[in-house]
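Remarks on the structure that follows.
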Amino acid sequence: MDMASYAKRREAFADSMGEGVAIIPAAPQATRSNDVEYRYRQDNDLLYLTGFPEPNCLCVLSPQHERERFILFVQPRDREKETWTGKRYGVDGAREVFGADAAYTIDQVREVLPEHLARTDTVCFAPGRDERMTALIGELIDNSRSGRARTGRGVVSLVDPAAILHEMRLFKSAGELDLMRRAVAASAGAHVAAMRGVRDGAFEYELEALLEYHFRAAGGSGWAYPSIVASGANATILHYTQNDRRMRDGDLVLIDAGAEFDGYCSDVTRTFPVGAAYTPPQRRIYEIVLRAQKEGIAAVHPGASMEEVHKRATEVLVDGLLEVGLLEGEAGELMEKGEHTRFYMHRTGHWLGLDVHDVGRYRVDGVSRPLEPGMVLTVEPGLYIAEDLEQVSDDYRGIGVRIEDDVLVTEGGHEVLSAAIPKEADEIEAIRREALANPLPAAG
Ligand code: GLY
Ligand code: MN
Ligand code: MN
């Protein structure tokens, strides 16, 4: 993303905020265990407004200030620390590379921020995950408030920046869509490799490793969320991530895995046979989910709503469940009573962007909001027939199927960003047959 795009976002944010000062803290560095940390991942709001990748940073937007409208507080350059953990931009980099009007070291917040807080009535700030920073900012806001009686100025209202920022993030620019397409392309390579690479006797984690090899090899930063490789009845566990079962011919494997590219997520699910073909009951369930997914996608266009997409996909699932005898009764009544939730217990989609479950409101004024061009959502119906589910034919027990694509709302309707990843049962079986006839070396 070029620096001009970030500047435009800050301007748009400031225009919406009007009078006020916005304070956006970095994500804290998270400890995994003892002295081992997770790879650092910047807070998405800060990333969206600045592109600044380092921890221990605070972004302040003070649009009414005559000189310091965009301020970054950052880690100081430190030769010794940089030897251990890598280069830092420092205050010079914050100005020169990221275009800050002013940059200070993070330990100067207490010194510099009060001047900005003393000149405003409104602060845009949401308590974050960094408890120390939240406490410090809270204290400085408090000081500004208590000075108000004497000076006539000081913070009286605290506004959540999400109200503006998350609405902006919901609509993807051409530059953002470029990155999302690259994330999806990395996922496409990974899913096709897994479809080709699965073998009777292999462990789920072997596919996990293969997927993540492809995410990184395509230039992605890794996964957007922990990969789900769920074979057999594990596919009926929605967030299964153990990935340690040995797969067998006759199983299905459900893979819900997506790459992240430059902060942007993809989120894709495919369900395919470990052997050469779906068994007849697996295929029946698969075709129902596929039909529901296609109908759900067909319902995506400007003016429609997420609720309508969910309703359409659910209707098709319920019709299918009636056809195969997993439900009995009248479709409308069954849906009304929620009988289908024994087999379909989640929503059909969510926003997608910098967060996998991206920000932005789903409902406005009490109703599911109309879809608009530039929004990206997933469409991901599924059916999950737990092994121990009562009143279910043995044929179907332990079958879990989900199919998930990433869909951009366009002026004319929609574009399926992940369309290149096969999902027709015949197409997948052809890939499986071809792969079994011409096995690749394990790491391919
Ligand atoms: N992978 C998480 C989801 O599909 O929502
Ligand atoms: Mn998913
Ligand atoms: Mn999803």
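Starting from 1 in every chain, residues are counted up; chains themselves are A, B, ... following the order of the structure tokens, and ligands are numbered from 1 as listed.
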
DSSP strand (DSSP E or B) residues within region 235-317 of chain A, as an NGL selection string: :A and (246 or 252-257 or 259-261 or 264-265 or 268-273 or 305)

I'd like the neighbourhood of region 182-198 of chain A as a compact mmCIF listing (two decimals) with N, CA and C atoms, in the first residue's frame, where a residue qualifies if any of its atoms comes within 7 Å (using only C-alpha atoms), though same-chain residues fewer than 6 positions away should be ignored.
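The result, stored in selection.txt:
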# COMPACT_ATOMS: atom_id res chain seq x y z
N LEU A 207 -1.23 -32.32 5.83
CA LEU A 207 -1.91 -31.36 4.94
C LEU A 207 -1.78 -29.94 5.49
N LEU A 210 1.47 -28.69 4.42
CA LEU A 210 1.47 -28.42 2.98
C LEU A 210 0.77 -27.08 2.69
N LEU A 211 -0.37 -26.86 3.34
CA LEU A 211 -1.11 -25.61 3.15
C LEU A 211 -0.23 -24.42 3.53
N HIS A 214 2.50 -23.48 1.22
CA HIS A 214 2.03 -22.72 0.06
C HIS A 214 1.69 -21.27 0.43
N PHE A 215 1.14 -21.05 1.62
CA PHE A 215 0.85 -19.66 2.03
C PHE A 215 2.13 -18.82 2.01
N ALA A 218 3.95 -18.38 -1.47
CA ALA A 218 3.30 -17.41 -2.36
C ALA A 218 3.52 -15.97 -1.87
N GLY A 220 2.75 -14.84 1.19
CA GLY A 220 1.87 -14.46 2.30
C GLY A 220 2.65 -14.48 3.61
N GLY A 258 -6.90 -20.22 5.23
CA GLY A 258 -6.73 -19.05 4.37
C GLY A 258 -5.43 -18.34 4.69
N ALA A 259 -4.80 -17.84 3.63
CA ALA A 259 -3.55 -17.11 3.80
C ALA A 259 -3.82 -15.65 4.15
N GLU A 260 -2.83 -15.04 4.78
CA GLU A 260 -2.87 -13.59 5.00
C GLU A 260 -1.79 -12.98 4.11
N PHE A 261 -2.12 -11.88 3.47
CA PHE A 261 -1.14 -11.22 2.61
C PHE A 261 -1.13 -9.74 2.94
N TYR A 264 -3.98 -8.63 4.94
CA TYR A 264 -5.34 -8.95 4.46
C TYR A 264 -5.59 -10.45 4.43
N CYS A 265 -6.80 -10.82 4.80
CA CYS A 265 -7.13 -12.23 5.00
C CYS A 265 -7.89 -12.81 3.82
N SER A 266 -7.70 -14.10 3.62
CA SER A 266 -8.63 -14.88 2.81
C SER A 266 -9.18 -15.95 3.74
N VAL A 274 -10.70 -38.37 0.72
CA VAL A 274 -9.31 -38.81 0.89
C VAL A 274 -8.98 -39.83 -0.22
N LEU A 417 -14.08 -14.09 -5.43
CA LEU A 417 -12.62 -13.92 -5.49
C LEU A 417 -11.91 -15.26 -5.52
N SER A 418 -12.52 -16.26 -4.89
CA SER A 418 -11.87 -17.58 -4.77
C SER A 418 -12.43 -18.58 -5.79
N ALA A 420 -11.35 -19.66 -8.48
CA ALA A 420 -10.41 -20.58 -9.13
C ALA A 420 -10.23 -21.89 -8.36
N ILE A 421 -10.73 -21.96 -7.15
CA ILE A 421 -10.53 -23.18 -6.35
C ILE A 421 -11.70 -24.14 -6.63
N ILE A 431 -9.64 -34.42 -10.05
CA ILE A 431 -8.33 -34.07 -9.47
C ILE A 431 -7.83 -35.23 -8.61
N ARG A 432 -8.72 -35.83 -7.83
CA ARG A 432 -8.32 -36.93 -6.96
C ARG A 432 -7.84 -38.13 -7.79
N ALA A 435 -4.49 -37.33 -9.28
CA ALA A 435 -3.42 -37.30 -8.27
C ALA A 435 -3.04 -38.71 -7.83

Coordinates-based distance that separates CA of Glu206 (chain A) from CA of Arg39 (chain A) (Å, one decimal): 22.5 Å

Within 8 Å of ligand 1 (only C-alpha atoms and all ligand atoms), residues as a PyMOL selection string: chain A and resi 225-228+239+256-258+267-269+349-350+356-357+378+380+404

Writer output for current selection, N, CA, C and O atoms, as a CSV table (one decimal), in the first residue's frame:
chain,number,residue,atom,x,y,z
A,225,TYR,N,-5.8,-17.4,10.1
A,225,TYR,CA,-6.4,-18.0,11.3
A,225,TYR,C,-5.9,-19.4,11.3
A,225,TYR,O,-5.5,-20.0,10.2
A,226,PRO,N,-5.8,-20.1,12.5
A,226,PRO,CA,-5.3,-21.4,12.5
A,226,PRO,C,-6.0,-22.4,11.5
A,226,PRO,O,-7.3,-22.4,11.5
A,227,SER,N,-5.3,-23.1,10.7
A,227,SER,CA,-5.9,-23.9,9.7
A,227,SER,C,-6.7,-25.1,10.3
A,227,SER,O,-6.2,-25.7,11.3
A,228,ILE,N,-7.8,-25.3,9.8
A,228,ILE,CA,-8.7,-26.5,10.2
A,228,ILE,C,-8.5,-27.6,9.1
A,228,ILE,O,-8.8,-27.3,7.9
A,239,HIS,N,-14.7,-25.7,14.9
A,239,HIS,CA,-13.4,-25.0,15.0
A,239,HIS,C,-12.3,-26.0,15.4
A,239,HIS,O,-11.4,-25.8,16.3
A,256,ASP,N,-10.5,-25.8,6.2
A,256,ASP,CA,-10.9,-24.4,6.3
A,256,ASP,C,-9.6,-23.7,6.6
A,256,ASP,O,-9.1,-23.7,7.7
A,257,ALA,N,-9.0,-23.1,5.5
A,257,ALA,CA,-7.7,-22.5,5.7
A,257,ALA,C,-7.5,-21.3,4.7
A,257,ALA,O,-7.9,-21.4,3.6
A,258,GLY,N,-6.9,-20.2,5.2
A,258,GLY,CA,-6.7,-19.0,4.4
A,258,GLY,C,-5.4,-18.3,4.7
A,258,GLY,O,-5.0,-18.3,5.8
A,267,ASP,N,-10.3,-16.6,3.4
A,267,ASP,CA,-11.0,-17.5,4.2
A,267,ASP,C,-11.7,-18.5,3.4
A,267,ASP,O,-12.8,-18.1,2.8
A,268,VAL,N,-11.2,-19.7,3.2
A,268,VAL,CA,-11.7,-20.6,2.2
A,268,VAL,C,-11.9,-22.0,2.8
A,268,VAL,O,-11.0,-22.5,3.5
A,269,THR,N,-13.0,-22.6,2.4
A,269,THR,CA,-13.2,-24.0,2.9
A,269,THR,C,-13.5,-24.9,1.7
A,269,THR,O,-14.4,-24.5,0.8
A,349,GLY,N,-22.3,-16.2,6.6
A,349,GLY,CA,-21.1,-15.4,6.2
A,349,GLY,C,-20.8,-14.3,7.2
A,349,GLY,O,-21.5,-14.1,8.2
A,350,HIS,N,-19.7,-13.7,6.9
A,350,HIS,CA,-19.2,-12.6,7.7
A,350,HIS,C,-18.3,-11.7,6.8
A,350,HIS,O,-17.9,-12.1,5.7
A,356,VAL,N,-10.2,-11.5,9.8
A,356,VAL,CA,-10.9,-12.6,9.1
A,356,VAL,C,-12.4,-12.4,9.4
A,356,VAL,O,-13.2,-12.6,8.5
A,357,HIS,N,-12.8,-12.2,10.6
A,357,HIS,CA,-14.2,-11.8,10.9
A,357,HIS,C,-14.1,-10.3,11.0
A,357,HIS,O,-13.9,-9.7,12.0
A,378,THR,N,-17.9,-13.6,3.2
A,378,THR,CA,-17.8,-15.0,2.9
A,378,THR,C,-19.2,-15.5,2.7
A,378,THR,O,-20.1,-15.0,3.3
A,380,GLU,N,-20.6,-19.3,3.3
A,380,GLU,CA,-20.0,-20.6,3.8
A,380,GLU,C,-21.0,-21.5,4.5
A,380,GLU,O,-20.8,-21.8,5.7
A,404,GLU,N,-16.8,-22.8,1.4
A,404,GLU,CA,-16.7,-21.3,1.7
A,404,GLU,C,-15.9,-20.6,0.6
A,404,GLU,O,-14.8,-21.0,0.3

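Distance-wise, CA of Phe70 (chain A) and CA of Pro127 (chain A) end up 20.2 Å apart.
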
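Across the structure, CA of Glu336 (chain A) and CA of Leu317 (chain A) are spaced 13.9 Å apart.
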
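Proximity ranking of A:Gly398, A:Pro370, A:Gly412, A:Pro302 relative to Pro281 (chain A) places A:Gly398 first, based on only C-alpha atoms.
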
Shortest interatomic distance to ligand 2 - which of A:Tyr89, A:Trp223, A:Phe171, A:Tyr213, counting only C-alpha atoms and all ligand atoms: A:Trp223

For His65 (chain A): contacts at 12 Å, only C-alpha atoms, fewer than 5 positions along chain excluded, given as an MDAnalysis selection string: chainID A and resid 14 19:21 60 70:71 101:102 115:120

Those in region 183-352 of chain A with helix (DSSP H, G or I) from DSSP, as number ranges by chain: A: 183-197, 204-217, 232-236, 280-298, 306-323, 331-337, 339-342

Which polymer residues have any atom within 8 Å of an atom of Arg9 (chain A), counting only C-alpha atoms, with same-chain residues fewer than 3 positions away left out, as a PDB file with all heavy atoms, in the first residue's frame?
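Below is the file that was written, selection-v4.pdb:
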ATOM      1  N   SER A   5      -2.138   6.525   0.084  1.00  0.00           N
ATOM      2  CA  SER A   5      -3.421   5.898   0.442  1.00  0.00           C
ATOM      3  C   SER A   5      -3.685   6.060   1.938  1.00  0.00           C
ATOM      4  O   SER A   5      -4.816   6.323   2.350  1.00  0.00           O
ATOM      5  CB  SER A   5      -3.410   4.403   0.124  1.00  0.00           C
ATOM      6  OG  SER A   5      -3.136   4.199  -1.223  1.00  0.00           O
ATOM      7  N   TYR A   6      -2.648   5.874   2.740  1.00  0.00           N
ATOM      8  CA  TYR A   6      -2.826   6.038   4.196  1.00  0.00           C
ATOM      9  C   TYR A   6      -3.194   7.488   4.516  1.00  0.00           C
ATOM     10  O   TYR A   6      -4.047   7.745   5.371  1.00  0.00           O
ATOM     11  CB  TYR A   6      -1.549   5.634   4.941  1.00  0.00           C
ATOM     12  CG  TYR A   6      -1.213   4.171   4.815  1.00  0.00           C
ATOM     13  CD1 TYR A   6      -0.046   3.758   4.177  1.00  0.00           C
ATOM     14  CD2 TYR A   6      -2.056   3.190   5.333  1.00  0.00           C
ATOM     15  CE1 TYR A   6       0.269   2.408   4.055  1.00  0.00           C
ATOM     16  CE2 TYR A   6      -1.752   1.846   5.216  1.00  0.00           C
ATOM     17  CZ  TYR A   6      -0.582   1.459   4.575  1.00  0.00           C
ATOM     18  OH  TYR A   6      -0.279   0.129   4.461  1.00  0.00           O
ATOM     19  N   ALA A  12      -9.860  11.323   5.445  1.00  0.00           N
ATOM     20  CA  ALA A  12     -11.284  10.948   5.462  1.00  0.00           C
ATOM     21  C   ALA A  12     -11.743  10.728   6.903  1.00  0.00           C
ATOM     22  O   ALA A  12     -12.840  11.138   7.287  1.00  0.00           O
ATOM     23  CB  ALA A  12     -11.510   9.696   4.632  1.00  0.00           C
ATOM     24  N   PHE A  13     -10.891  10.088   7.692  1.00  0.00           N
ATOM     25  CA  PHE A  13     -11.233   9.850   9.099  1.00  0.00           C
ATOM     26  C   PHE A  13     -11.405  11.185   9.821  1.00  0.00           C
ATOM     27  O   PHE A  13     -12.384  11.398  10.546  1.00  0.00           O
ATOM     28  CB  PHE A  13     -10.141   8.995   9.767  1.00  0.00           C
ATOM     29  CG  PHE A  13     -10.395   8.745  11.218  1.00  0.00           C
ATOM     30  CD1 PHE A  13     -11.216   7.701  11.624  1.00  0.00           C
ATOM     31  CD2 PHE A  13      -9.846   9.567  12.203  1.00  0.00           C
ATOM     32  CE1 PHE A  13     -11.479   7.469  12.967  1.00  0.00           C
ATOM     33  CE2 PHE A  13     -10.099   9.347  13.544  1.00  0.00           C
ATOM     34  CZ  PHE A  13     -10.916   8.303  13.929  1.00  0.00           C
ATOM     35  N   TYR A  48      -4.293   0.189   9.297  1.00  0.00           N
ATOM     36  CA  TYR A  48      -5.143   0.781   8.249  1.00  0.00           C
ATOM     37  C   TYR A  48      -4.852   2.273   8.062  1.00  0.00           C
ATOM     38  O   TYR A  48      -4.871   2.790   6.957  1.00  0.00           O
ATOM     39  CB  TYR A  48      -6.610   0.577   8.636  1.00  0.00           C
ATOM     40  CG  TYR A  48      -7.604   1.095   7.639  1.00  0.00           C
ATOM     41  CD1 TYR A  48      -7.898   0.380   6.483  1.00  0.00           C
ATOM     42  CD2 TYR A  48      -8.264   2.299   7.855  1.00  0.00           C
ATOM     43  CE1 TYR A  48      -8.820   0.842   5.565  1.00  0.00           C
ATOM     44  CE2 TYR A  48      -9.191   2.779   6.944  1.00  0.00           C
ATOM     45  CZ  TYR A  48      -9.467   2.047   5.803  1.00  0.00           C
ATOM     46  OH  TYR A  48     -10.385   2.520   4.897  1.00  0.00           O
ATOM     47  N   LEU A  49      -4.546   2.958   9.169  1.00  0.00           N
ATOM     48  CA  LEU A  49      -4.342   4.403   9.091  1.00  0.00           C
ATOM     49  C   LEU A  49      -2.907   4.806   8.794  1.00  0.00           C
ATOM     50  O   LEU A  49      -2.657   5.930   8.353  1.00  0.00           O
ATOM     51  CB  LEU A  49      -4.767   5.065  10.409  1.00  0.00           C
ATOM     52  CG  LEU A  49      -6.273   5.128  10.672  1.00  0.00           C
ATOM     53  CD1 LEU A  49      -6.546   5.600  12.091  1.00  0.00           C
ATOM     54  CD2 LEU A  49      -6.962   6.049   9.664  1.00  0.00           C
TER      55      LEU A  49
END

Neighbour list for Ala163 (chain A) as JSON, numbers by chain, cut-off 12 Å, only C-alpha atoms, skip fewer than 6 positions in-chain: {"A": [13, 16, 17, 45, 124, 125, 126, 169, 170, 359, 360, 361, 364]}

Give me, as a short mmCIF file (atom, residue, chain, number, x, y, z; two decimals) with N, CA, C and O atoms, in the first residue's frame, all polymer residues having an atom no more than 8 Å from Asp249 (chain A), counting only C-alpha atoms and skipping those fewer than 2 positions away in the same chain.
data_model
loop_
_atom_site.label_atom_id
_atom_site.label_comp_id
_atom_site.auth_asym_id
_atom_site.auth_seq_id
_atom_site.Cartn_x
_atom_site.Cartn_y
_atom_site.Cartn_z
N ARG A 199 -3.61 -38.41 1.08
CA ARG A 199 -3.40 -39.84 0.84
C ARG A 199 -3.96 -40.66 1.99
O ARG A 199 -3.86 -40.24 3.15
N ASP A 200 -4.48 -41.83 1.68
CA ASP A 200 -4.85 -42.80 2.71
C ASP A 200 -3.65 -43.01 3.64
O ASP A 200 -2.54 -43.24 3.17
N GLY A 201 -3.86 -42.89 4.93
CA GLY A 201 -2.78 -43.14 5.90
C GLY A 201 -2.02 -41.90 6.32
O GLY A 201 -1.27 -41.95 7.29
N MET A 247 -5.77 -40.05 8.35
CA MET A 247 -6.90 -40.06 7.40
C MET A 247 -6.95 -41.39 6.66
O MET A 247 -5.92 -42.00 6.41
N ASP A 251 -12.87 -41.52 3.97
CA ASP A 251 -13.15 -40.29 4.75
C ASP A 251 -13.33 -39.11 3.81
O ASP A 251 -12.75 -39.08 2.72
N PRO A 273 -12.81 -35.90 -0.88
CA PRO A 273 -12.53 -37.26 -0.40
C PRO A 273 -11.03 -37.54 -0.26
O PRO A 273 -10.24 -37.02 -1.04
N VAL A 274 -10.70 -38.37 0.72
CA VAL A 274 -9.31 -38.81 0.89
C VAL A 274 -8.98 -39.83 -0.22
O VAL A 274 -7.87 -39.88 -0.73
N GLY A 275 -10.00 -40.61 -0.60
CA GLY A 275 -9.81 -41.55 -1.72
C GLY A 275 -10.10 -40.87 -3.05
O GLY A 275 -9.88 -39.67 -3.20
#

Test item: residues at most 10 Å from Arg129 (chain A), only C-alpha atoms, excluding those fewer than 3 positions along its chain, as a ChimeraX atom specification: /A:25-29,43,126,132-134

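Checking A:Pro55, A:Gly320, A:Gly413, A:Gly338 one by one against Gln42 (chain A), counting only C-alpha atoms, you find the shortest gap at A:Pro55.
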
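Among the candidate residues A:Lys8, A:Arg270, A:Arg369, A:Arg397, the one lying nearest to ligand 3 is A:Arg270, with distances computed using only C-alpha atoms and all ligand atoms.
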
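Closest approach to ligand 3 among A:Ala425, A:Met168, A:Ile255, A:Val155: A:Ile255, based on only C-alpha atoms and all ligand atoms.
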
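Closest to Gln108 (chain A) among A:Ala437, A:Val74, A:Val253, A:Ala235 is A:Val74, based on only C-alpha atoms.
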